[in-house]
Amino acid sequence: MKILAIETSSKLCGIALLEDTTLISKIEKNEGLTHSEILMPLLDDFFKQNNIKLSDIDLLACDIGPGSFTGIRIGVATVKAFSDSMNIPSIGVNSLECYAHMANSSGIICSIIDCKNNNCYFAVYEFENDTCKVLEEPQSNSIENCIELLKNKYQNIKITFTGDGSIYYKEIIDKNINNPIYIDNSLNSLDTYKLGYIAYQKAKSCNLSNLPPLLPLYLKKPQAEQQLESKNAKIEKMNITDLKLINFSEFDDFWNISNLEDDLLSENSEWYIIKIENKIIGFAGIKIVLDEADIMNIAINKNFRGQGFALKLLSYIIEKCQNNNIKKINLEVNEKNIPAINLYKKLQFNEIGRRKNYYDGNDAILMSLILNK
């Protein structure tokens with residue numbers, strides 16, 4: 001069985017090719033969280049170097065998290081696209097289990113991933129004869145609560161710690177756990193080969209035609225979403241009376257208020273606002289033609305930028321389109337608007353063309369997001 005494994009849940013971007021449990025080839029790059037830029041070129045080079053095609057693959061595997069929300073989404077979306085287009089079975093493996101396998105140790109293993117501010121993702125496993133049994137399901141909690149659980153349920157039991165959190169929180173672990181065991185730091189990172197190895201084990205134990213759906217493992221909400229909730233930000237469908245509540249002077253020369261009013265009265269357009277209490281801090285709209293939607297505009301009050309509101313608003317619209325069986329979302333953006341371009345790439349929009357000199361000498365980049373394949 002040829003397995004293609006893709007790792008994107010951390011700063012590591014990796015690809016591995018296995019024949020059952022034997023590693024054929026592997027490439028890994030640690031260039032920070034830039035997977036949206038490097039994964040596809042890396043895959044293209046990997047296929048060429050190994051003289052293989054996607055049709056040669058029997059099983060696709062990816063890390064479903066926990067970890068970087070964006071990285072997980074990129075990995076899962078890529079594998080799902082490959083799986084759907086070529087009808088190749090796919091399977092997900094969580095990163096905490098990958099760390100546990102890196103320990104290569106019998107007995108109790110606690111995998112910990114740091115997620116800042118004394119919080120962590122963790123899970124507890126028991127290994128026996130290379131079989132991994134889950135004792136504590138992956139969860140998000142404070143490191144203090146993690147330690148408390150270990151002290152109460154695994155007192156006087158030797159525990160091996162793995163994952164970047166075991167390094168970051170070593171002082172706390174040493175103070176509270178009797179004789180903790182740590183794996184060598186050189187092994188304390190995710191390995192794309194191990195991802196493929198675990199995927200093979202999981203696939204071998206079940207029918208390839210009946211694998212569980214490939215879904216990201218999000219143990220907590222993204223930071224931007226947490227910020228929105230803490231600020232009581234809400235998204236609602238926009239109506240004509242909302243125009244009176246918007247201070248357009250705070251939106252940097254919004255293009256055309258009268259056109260916006262016309263769109264709100266059109267049956268083919270849908271606009272949404274995001275607000276904190278009664279203050280509208282952003283709005284965005286789409287025009288629907290058959291099974292496609294064009295993003296007409298997305299505007300955020302200049303005093304509320306850089307806080308995740310545009311991401312939240314656009315994610316909401318994408319979800320609405322998916323639920324309404326829209327197959328494709330299109331947009332255009334000024335080539336100089338780098339923050340907007342990065343936002344669209346984060347949400348998996350791809351450049352499909354350009355309109356030369358469309359914005360006073362600057363090109364308009366045409367981008368699309370494919371939905372409901």
# chains A, B, ... in the order shown; residues from 1 in each chain; ligands from 1
$ residues_around --residues "Ile113 of chain A" --least-positions-apart "2" --cutoff "8 Å" --atoms "only C-alpha atoms" --output "list in words"
Gly67, Leu96, Ser111, Cys115, Cys120, Tyr121, Phe122, Gly163, Asp164, Gly165 and Ser166 of chain A
$ write_last_selection --atoms "all heavy atoms" --output "PDB file, in the first residue's frame"
ATOM      1  N   GLY A  67      -3.242  22.042  16.703  1.00  0.00           N
ATOM      2  CA  GLY A  67      -2.068  22.790  16.296  1.00  0.00           C
ATOM      3  C   GLY A  67      -2.492  24.099  15.680  1.00  0.00           C
ATOM      4  O   GLY A  67      -3.487  24.697  16.076  1.00  0.00           O
ATOM      5  N   LEU A  96      -1.145  14.794  18.668  1.00  0.00           N
ATOM      6  CA  LEU A  96      -0.763  14.293  19.994  1.00  0.00           C
ATOM      7  C   LEU A  96      -0.391  12.815  19.929  1.00  0.00           C
ATOM      8  O   LEU A  96       0.542  12.363  20.600  1.00  0.00           O
ATOM      9  CB  LEU A  96      -1.906  14.524  20.983  1.00  0.00           C
ATOM     10  CG  LEU A  96      -2.162  15.998  21.324  1.00  0.00           C
ATOM     11  CD1 LEU A  96      -3.521  16.172  21.987  1.00  0.00           C
ATOM     12  CD2 LEU A  96      -1.065  16.560  22.223  1.00  0.00           C
ATOM     13  N   SER A 111       1.353  13.374  25.945  1.00  0.00           N
ATOM     14  CA  SER A 111       1.752  14.296  24.881  1.00  0.00           C
ATOM     15  C   SER A 111       1.195  15.681  25.200  1.00  0.00           C
ATOM     16  O   SER A 111       0.006  15.809  25.505  1.00  0.00           O
ATOM     17  CB  SER A 111       1.198  13.839  23.531  1.00  0.00           C
ATOM     18  OG  SER A 111       1.695  12.568  23.178  1.00  0.00           O
ATOM     19  N   CYS A 115       0.024  25.904  23.803  1.00  0.00           N
ATOM     20  CA  CYS A 115      -0.795  26.843  23.023  1.00  0.00           C
ATOM     21  C   CYS A 115      -0.891  28.192  23.726  1.00  0.00           C
ATOM     22  O   CYS A 115      -1.942  28.837  23.703  1.00  0.00           O
ATOM     23  CB  CYS A 115      -2.163  26.262  22.672  1.00  0.00           C
ATOM     24  SG  CYS A 115      -3.157  25.631  24.032  1.00  0.00           S
ATOM     25  N   CYS A 120      -2.537  24.480  27.120  1.00  0.00           N
ATOM     26  CA  CYS A 120      -1.934  23.424  26.316  1.00  0.00           C
ATOM     27  C   CYS A 120      -3.003  22.493  25.761  1.00  0.00           C
ATOM     28  O   CYS A 120      -4.141  22.456  26.234  1.00  0.00           O
ATOM     29  CB  CYS A 120      -0.921  22.629  27.138  1.00  0.00           C
ATOM     30  SG  CYS A 120      -1.661  21.703  28.514  1.00  0.00           S
ATOM     31  N   TYR A 121      -2.607  21.746  24.728  1.00  0.00           N
ATOM     32  CA  TYR A 121      -3.365  20.583  24.283  1.00  0.00           C
ATOM     33  C   TYR A 121      -2.645  19.369  24.861  1.00  0.00           C
ATOM     34  O   TYR A 121      -1.409  19.317  24.844  1.00  0.00           O
ATOM     35  CB  TYR A 121      -3.367  20.474  22.762  1.00  0.00           C
ATOM     36  CG  TYR A 121      -3.875  21.693  22.032  1.00  0.00           C
ATOM     37  CD1 TYR A 121      -3.036  22.386  21.152  1.00  0.00           C
ATOM     38  CD2 TYR A 121      -5.181  22.131  22.180  1.00  0.00           C
ATOM     39  CE1 TYR A 121      -3.491  23.499  20.455  1.00  0.00           C
ATOM     40  CE2 TYR A 121      -5.651  23.244  21.483  1.00  0.00           C
ATOM     41  CZ  TYR A 121      -4.795  23.920  20.624  1.00  0.00           C
ATOM     42  OH  TYR A 121      -5.247  25.015  19.937  1.00  0.00           O
ATOM     43  N   PHE A 122      -3.389  18.404  25.343  1.00  0.00           N
ATOM     44  CA  PHE A 122      -2.708  17.208  25.845  1.00  0.00           C
ATOM     45  C   PHE A 122      -3.604  15.980  25.717  1.00  0.00           C
ATOM     46  O   PHE A 122      -4.826  16.079  25.573  1.00  0.00           O
ATOM     47  CB  PHE A 122      -2.250  17.392  27.300  1.00  0.00           C
ATOM     48  CG  PHE A 122      -3.354  17.349  28.325  1.00  0.00           C
ATOM     49  CD1 PHE A 122      -3.677  16.160  28.975  1.00  0.00           C
ATOM     50  CD2 PHE A 122      -4.067  18.493  28.659  1.00  0.00           C
ATOM     51  CE1 PHE A 122      -4.691  16.115  29.924  1.00  0.00           C
ATOM     52  CE2 PHE A 122      -5.076  18.459  29.609  1.00  0.00           C
ATOM     53  CZ  PHE A 122      -5.395  17.271  30.244  1.00  0.00           C
ATOM     54  N   GLY A 163       6.318  16.053  23.214  1.00  0.00           N
ATOM     55  CA  GLY A 163       5.681  17.227  22.635  1.00  0.00           C
ATOM     56  C   GLY A 163       6.388  18.504  23.054  1.00  0.00           C
ATOM     57  O   GLY A 163       7.087  18.536  24.075  1.00  0.00           O
ATOM     58  N   ASP A 164       6.199  19.573  22.276  1.00  0.00           N
ATOM     59  CA  ASP A 164       6.910  20.819  22.598  1.00  0.00           C
ATOM     60  C   ASP A 164       6.494  21.381  23.957  1.00  0.00           C
ATOM     61  O   ASP A 164       7.266  22.069  24.618  1.00  0.00           O
ATOM     62  CB  ASP A 164       6.724  21.858  21.494  1.00  0.00           C
ATOM     63  CG  ASP A 164       5.276  22.310  21.313  1.00  0.00           C
ATOM     64  OD1 ASP A 164       4.400  21.909  22.088  1.00  0.00           O
ATOM     65  OD2 ASP A 164       5.030  23.081  20.362  1.00  0.00           O
ATOM     66  N   GLY A 165       5.278  21.051  24.410  1.00  0.00           N
ATOM     67  CA  GLY A 165       4.837  21.500  25.725  1.00  0.00           C
ATOM     68  C   GLY A 165       5.618  20.864  26.852  1.00  0.00           C
ATOM     69  O   GLY A 165       5.751  21.449  27.942  1.00  0.00           O
ATOM     70  N   SER A 166       6.161  19.658  26.625  1.00  0.00           N
ATOM     71  CA  SER A 166       6.954  19.000  27.669  1.00  0.00           C
ATOM     72  C   SER A 166       8.277  19.734  27.882  1.00  0.00           C
ATOM     73  O   SER A 166       8.867  19.662  28.962  1.00  0.00           O
ATOM     74  CB  SER A 166       7.211  17.537  27.293  1.00  0.00           C
ATOM     75  OG  SER A 166       8.084  17.431  26.182  1.00  0.00           O
TER      76      SER A 166
END
$ residues_around --residues "Ser209 of chain A" --least-positions-apart "4" --cutoff "10 Å" --atoms "only C-alpha atoms" --output "ChimeraX atom specification"
/A:88-90,203
$ write_last_selection --atoms "N, CA and C atoms" --output "compact mmCIF listing (two decimals), in the first residue's frame"
# COMPACT_ATOMS: atom_id res chain seq x y z
N ILE A 88 -9.42 8.58 -3.83
CA ILE A 88 -8.42 7.88 -3.02
C ILE A 88 -8.85 7.94 -1.56
N PRO A 89 -8.84 6.83 -0.84
CA PRO A 89 -9.20 6.87 0.59
C PRO A 89 -8.27 7.80 1.36
N SER A 90 -8.81 8.48 2.37
CA SER A 90 -8.00 9.39 3.18
C SER A 90 -8.30 9.15 4.65
N ALA A 203 -5.46 2.22 9.03
CA ALA A 203 -6.14 1.72 7.83
C ALA A 203 -6.16 0.20 7.80
$ residues_around --residues "His101 of chain A" --least-positions-apart "2" --cutoff "12 Å" --atoms "only C-alpha atoms" --output "ChimeraX atom specification"
/A:93-99,103-111,124-128,130-133,160-163,183,187-199,201
$ select_by_dssp --residues "segment 19-92 of chain A" --states "strand (DSSP E or B)" --output "PyMOL selection string"
chain A and resi 19+22-30+59-63+90-92
$ select_by_dssp --residues "segment 157-363 of chain A" --states "alpha helix (DSSP H)" --output "ChimeraX atom specification"
/A:164-168,170-176,192-204,223-230,257-264,309-323,338-346
$ residues_around --residues "segment 231-247 of chain A" --least-positions-apart "5" --cutoff "9 Å" --atoms "only C-alpha atoms" --output "PDB file with N, CA and C atoms, in the first residue's frame"
ATOM      1  N   GLN A 226     -12.259  33.891  19.593  1.00  0.00           N
ATOM      2  CA  GLN A 226     -12.351  34.161  21.027  1.00  0.00           C
ATOM      3  C   GLN A 226     -12.406  35.667  21.294  1.00  0.00           C
ATOM      4  N   ILE A 257     -22.081  54.479  -1.809  1.00  0.00           N
ATOM      5  CA  ILE A 257     -23.181  54.204  -0.884  1.00  0.00           C
ATOM      6  C   ILE A 257     -24.482  53.960  -1.641  1.00  0.00           C
ATOM      7  N   LEU A 260     -24.598  50.492  -2.864  1.00  0.00           N
ATOM      8  CA  LEU A 260     -24.858  49.598  -1.740  1.00  0.00           C
ATOM      9  C   LEU A 260     -26.358  49.557  -1.440  1.00  0.00           C
ATOM     10  N   GLU A 261     -26.998  50.713  -1.491  1.00  0.00           N
ATOM     11  CA  GLU A 261     -28.438  50.778  -1.242  1.00  0.00           C
ATOM     12  C   GLU A 261     -29.204  49.977  -2.297  1.00  0.00           C
ATOM     13  N   LEU A 264     -28.856  46.230  -1.614  1.00  0.00           N
ATOM     14  CA  LEU A 264     -29.667  45.757  -0.492  1.00  0.00           C
ATOM     15  C   LEU A 264     -31.114  45.499  -0.913  1.00  0.00           C
ATOM     16  N   LEU A 265     -31.541  46.154  -1.985  1.00  0.00           N
ATOM     17  CA  LEU A 265     -32.900  45.955  -2.487  1.00  0.00           C
ATOM     18  C   LEU A 265     -32.973  44.880  -3.572  1.00  0.00           C
ATOM     19  N   GLU A 270     -26.731  39.663  -1.171  1.00  0.00           N
ATOM     20  CA  GLU A 270     -26.853  39.473   0.277  1.00  0.00           C
ATOM     21  C   GLU A 270     -25.700  40.208   0.956  1.00  0.00           C
ATOM     22  N   TRP A 271     -26.037  41.027   1.938  1.00  0.00           N
ATOM     23  CA  TRP A 271     -25.028  41.773   2.683  1.00  0.00           C
ATOM     24  C   TRP A 271     -25.143  41.445   4.167  1.00  0.00           C
ATOM     25  N   TYR A 272     -24.001  41.468   4.841  1.00  0.00           N
ATOM     26  CA  TYR A 272     -23.955  41.137   6.266  1.00  0.00           C
ATOM     27  C   TYR A 272     -23.157  42.198   7.004  1.00  0.00           C
ATOM     28  N   ILE A 273     -23.552  42.451   8.245  1.00  0.00           N
ATOM     29  CA  ILE A 273     -22.836  43.399   9.099  1.00  0.00           C
ATOM     30  C   ILE A 273     -22.247  42.655  10.289  1.00  0.00           C
ATOM     31  N   ILE A 274     -21.147  43.167  10.802  1.00  0.00           N
ATOM     32  CA  ILE A 274     -20.596  42.685  12.058  1.00  0.00           C
ATOM     33  C   ILE A 274     -20.584  43.876  13.008  1.00  0.00           C
ATOM     34  N   LYS A 275     -21.106  43.680  14.222  1.00  0.00           N
ATOM     35  CA  LYS A 275     -21.237  44.811  15.127  1.00  0.00           C
ATOM     36  C   LYS A 275     -20.893  44.424  16.550  1.00  0.00           C
ATOM     37  N   ILE A 276     -20.463  45.406  17.305  1.00  0.00           N
ATOM     38  CA  ILE A 276     -20.224  45.271  18.744  1.00  0.00           C
ATOM     39  C   ILE A 276     -21.248  46.156  19.430  1.00  0.00           C
ATOM     40  N   GLU A 277     -22.085  45.508  20.237  1.00  0.00           N
ATOM     41  CA  GLU A 277     -23.244  46.190  20.813  1.00  0.00           C
ATOM     42  C   GLU A 277     -24.057  46.774  19.651  1.00  0.00           C
ATOM     43  N   ASN A 278     -24.237  48.079  19.572  1.00  0.00           N
ATOM     44  CA  ASN A 278     -25.035  48.643  18.480  1.00  0.00           C
ATOM     45  C   ASN A 278     -24.184  49.346  17.429  1.00  0.00           C
ATOM     46  N   LYS A 279     -22.873  49.198  17.522  1.00  0.00           N
ATOM     47  CA  LYS A 279     -21.986  49.865  16.568  1.00  0.00           C
ATOM     48  C   LYS A 279     -21.594  48.905  15.454  1.00  0.00           C
ATOM     49  N   ILE A 280     -21.908  49.264  14.213  1.00  0.00           N
ATOM     50  CA  ILE A 280     -21.530  48.455  13.056  1.00  0.00           C
ATOM     51  C   ILE A 280     -20.065  48.741  12.736  1.00  0.00           C
ATOM     52  N   ILE A 281     -19.221  47.717  12.838  1.00  0.00           N
ATOM     53  CA  ILE A 281     -17.787  47.908  12.624  1.00  0.00           C
ATOM     54  C   ILE A 281     -17.305  47.307  11.311  1.00  0.00           C
ATOM     55  N   GLY A 282     -18.202  46.644  10.588  1.00  0.00           N
ATOM     56  CA  GLY A 282     -17.811  46.081   9.305  1.00  0.00           C
ATOM     57  C   GLY A 282     -19.013  45.566   8.544  1.00  0.00           C
ATOM     58  N   PHE A 283     -18.846  45.432   7.234  1.00  0.00           N
ATOM     59  CA  PHE A 283     -19.910  44.868   6.415  1.00  0.00           C
ATOM     60  C   PHE A 283     -19.305  44.265   5.155  1.00  0.00           C
ATOM     61  N   ALA A 284     -20.017  43.317   4.574  1.00  0.00           N
ATOM     62  CA  ALA A 284     -19.548  42.648   3.363  1.00  0.00           C
ATOM     63  C   ALA A 284     -20.752  42.112   2.621  1.00  0.00           C
ATOM     64  N   GLY A 285     -20.605  41.995   1.294  1.00  0.00           N
ATOM     65  CA  GLY A 285     -21.730  41.520   0.511  1.00  0.00           C
ATOM     66  C   GLY A 285     -21.320  40.630  -0.635  1.00  0.00           C
ATOM     67  N   ASN A 301     -14.208  48.990   9.720  1.00  0.00           N
ATOM     68  CA  ASN A 301     -13.902  50.285  10.321  1.00  0.00           C
ATOM     69  C   ASN A 301     -12.397  50.364  10.615  1.00  0.00           C
ATOM     70  N   PHE A 309     -11.724  40.635  12.611  1.00  0.00           N
ATOM     71  CA  PHE A 309     -13.118  40.844  12.246  1.00  0.00           C
ATOM     72  C   PHE A 309     -13.383  40.517  10.770  1.00  0.00           C
ATOM     73  N   LYS A 312     -13.501  36.757  10.429  1.00  0.00           N
ATOM     74  CA  LYS A 312     -14.751  36.221  10.952  1.00  0.00           C
ATOM     75  C   LYS A 312     -15.903  36.478   9.988  1.00  0.00           C
ATOM     76  N   LEU A 313     -15.982  37.667   9.464  1.00  0.00           N
ATOM     77  CA  LEU A 313     -17.074  38.038   8.575  1.00  0.00           C
ATOM     78  C   LEU A 313     -17.026  37.234   7.277  1.00  0.00           C
ATOM     79  N   TYR A 316     -17.903  33.579   7.845  1.00  0.00           N
ATOM     80  CA  TYR A 316     -19.361  33.449   7.998  1.00  0.00           C
ATOM     81  C   TYR A 316     -20.032  33.389   6.624  1.00  0.00           C
TER      82      TYR A 316
END
$ residues_around --residues "Arg73 of chain A" --least-positions-apart "2" --cutoff "9 Å" --atoms "only C-alpha atoms" --output "compact mmCIF listing (two decimals) with C-alpha atoms, in the first residue's frame"
# COMPACT_ATOMS: atom_id res chain seq x y z
CA THR A 8 1.05 20.94 8.28
CA SER A 9 -0.22 21.28 11.87
CA ILE A 64 -5.76 16.85 11.72
CA SER A 68 -2.05 25.78 13.97
CA PHE A 69 -5.64 26.44 12.86
CA THR A 70 -4.51 27.68 9.44
CA GLY A 71 -1.98 24.88 8.96
CA GLY A 75 -3.50 20.15 5.13
CA VAL A 76 -7.04 18.82 5.48
CA ALA A 77 -8.31 20.84 2.49
CA THR A 78 -5.46 19.62 0.29
CA PRO A 216 -9.91 18.85 11.51
CA LYS A 346 -5.62 32.05 4.45
CA LEU A 347 -9.18 31.09 3.51
CA GLN A 348 -7.89 29.04 0.53
$ closest_residue --among "A:Lys287, A:Lys202, A:Lys320, A:Lys302" --to "Phe248 of chain A" --atoms "only C-alpha atoms"
A:Lys302
$ decode --residues "segment 337-357 of chain A" --atoms "N, CA and C atoms" --output "PDB file, in the first residue's frame"
ATOM      1  N   ASN A 337      -2.911  45.527  -2.236  1.00  0.00           N
ATOM      2  CA  ASN A 337      -3.612  45.320  -0.964  1.00  0.00           C
ATOM      3  C   ASN A 337      -3.152  43.992  -0.344  1.00  0.00           C
ATOM      4  N   ILE A 338      -1.939  43.992   0.170  1.00  0.00           N
ATOM      5  CA  ILE A 338      -1.316  42.763   0.678  1.00  0.00           C
ATOM      6  C   ILE A 338      -2.090  42.159   1.855  1.00  0.00           C
ATOM      7  N   PRO A 339      -2.566  42.957   2.842  1.00  0.00           N
ATOM      8  CA  PRO A 339      -3.330  42.353   3.941  1.00  0.00           C
ATOM      9  C   PRO A 339      -4.563  41.590   3.451  1.00  0.00           C
ATOM     10  N   ALA A 340      -5.278  42.163   2.467  1.00  0.00           N
ATOM     11  CA  ALA A 340      -6.466  41.486   1.946  1.00  0.00           C
ATOM     12  C   ALA A 340      -6.082  40.213   1.205  1.00  0.00           C
ATOM     13  N   ILE A 341      -5.028  40.274   0.417  1.00  0.00           N
ATOM     14  CA  ILE A 341      -4.579  39.088  -0.333  1.00  0.00           C
ATOM     15  C   ILE A 341      -4.197  37.965   0.630  1.00  0.00           C
ATOM     16  N   ASN A 342      -3.486  38.312   1.707  1.00  0.00           N
ATOM     17  CA  ASN A 342      -3.104  37.296   2.703  1.00  0.00           C
ATOM     18  C   ASN A 342      -4.327  36.702   3.386  1.00  0.00           C
ATOM     19  N   LEU A 343      -5.336  37.543   3.647  1.00  0.00           N
ATOM     20  CA  LEU A 343      -6.579  37.046   4.243  1.00  0.00           C
ATOM     21  C   LEU A 343      -7.243  36.038   3.315  1.00  0.00           C
ATOM     22  N   TYR A 344      -7.342  36.368   2.031  1.00  0.00           N
ATOM     23  CA  TYR A 344      -8.008  35.477   1.088  1.00  0.00           C
ATOM     24  C   TYR A 344      -7.230  34.164   0.937  1.00  0.00           C
ATOM     25  N   LYS A 345      -5.911  34.256   0.911  1.00  0.00           N
ATOM     26  CA  LYS A 345      -5.103  33.032   0.820  1.00  0.00           C
ATOM     27  C   LYS A 345      -5.291  32.157   2.055  1.00  0.00           C
ATOM     28  N   LYS A 346      -5.408  32.795   3.210  1.00  0.00           N
ATOM     29  CA  LYS A 346      -5.619  32.050   4.447  1.00  0.00           C
ATOM     30  C   LYS A 346      -6.911  31.236   4.373  1.00  0.00           C
ATOM     31  N   LEU A 347      -7.899  31.767   3.658  1.00  0.00           N
ATOM     32  CA  LEU A 347      -9.183  31.086   3.508  1.00  0.00           C
ATOM     33  C   LEU A 347      -9.231  30.214   2.260  1.00  0.00           C
ATOM     34  N   GLN A 348      -8.045  29.977   1.645  1.00  0.00           N
ATOM     35  CA  GLN A 348      -7.894  29.040   0.533  1.00  0.00           C
ATOM     36  C   GLN A 348      -8.391  29.563  -0.810  1.00  0.00           C
ATOM     37  N   PHE A 349      -8.497  30.890  -0.963  1.00  0.00           N
ATOM     38  CA  PHE A 349      -8.740  31.460  -2.284  1.00  0.00           C
ATOM     39  C   PHE A 349      -7.453  31.343  -3.102  1.00  0.00           C
ATOM     40  N   ASN A 350      -7.590  31.054  -4.382  1.00  0.00           N
ATOM     41  CA  ASN A 350      -6.444  30.919  -5.275  1.00  0.00           C
ATOM     42  C   ASN A 350      -6.529  31.938  -6.403  1.00  0.00           C
ATOM     43  N   GLU A 351      -5.375  32.472  -6.811  1.00  0.00           N
ATOM     44  CA  GLU A 351      -5.344  33.408  -7.929  1.00  0.00           C
ATOM     45  C   GLU A 351      -5.647  32.670  -9.221  1.00  0.00           C
ATOM     46  N   ILE A 352      -6.568  33.212 -10.026  1.00  0.00           N
ATOM     47  CA  ILE A 352      -6.937  32.570 -11.292  1.00  0.00           C
ATOM     48  C   ILE A 352      -6.692  33.484 -12.498  1.00  0.00           C
ATOM     49  N   GLY A 353      -6.330  34.744 -12.250  1.00  0.00           N
ATOM     50  CA  GLY A 353      -6.079  35.643 -13.361  1.00  0.00           C
ATOM     51  C   GLY A 353      -5.852  37.064 -12.882  1.00  0.00           C
ATOM     52  N   ARG A 354      -5.668  37.969 -13.859  1.00  0.00           N
ATOM     53  CA  ARG A 354      -5.426  39.372 -13.534  1.00  0.00           C
ATOM     54  C   ARG A 354      -6.117  40.280 -14.550  1.00  0.00           C
ATOM     55  N   ARG A 355      -6.499  41.457 -14.064  1.00  0.00           N
ATOM     56  CA  ARG A 355      -6.955  42.521 -14.947  1.00  0.00           C
ATOM     57  C   ARG A 355      -5.898  43.620 -14.891  1.00  0.00           C
ATOM     58  N   LYS A 356      -5.224  43.831 -15.988  1.00  0.00           N
ATOM     59  CA  LYS A 356      -4.099  44.761 -16.030  1.00  0.00           C
ATOM     60  C   LYS A 356      -4.569  46.213 -15.821  1.00  0.00           C
ATOM     61  N   ASN A 357      -3.833  46.915 -14.950  1.00  0.00           N
ATOM     62  CA  ASN A 357      -4.040  48.359 -14.729  1.00  0.00           C
ATOM     63  C   ASN A 357      -5.480  48.706 -14.352  1.00  0.00           C
TER      64      ASN A 357
END
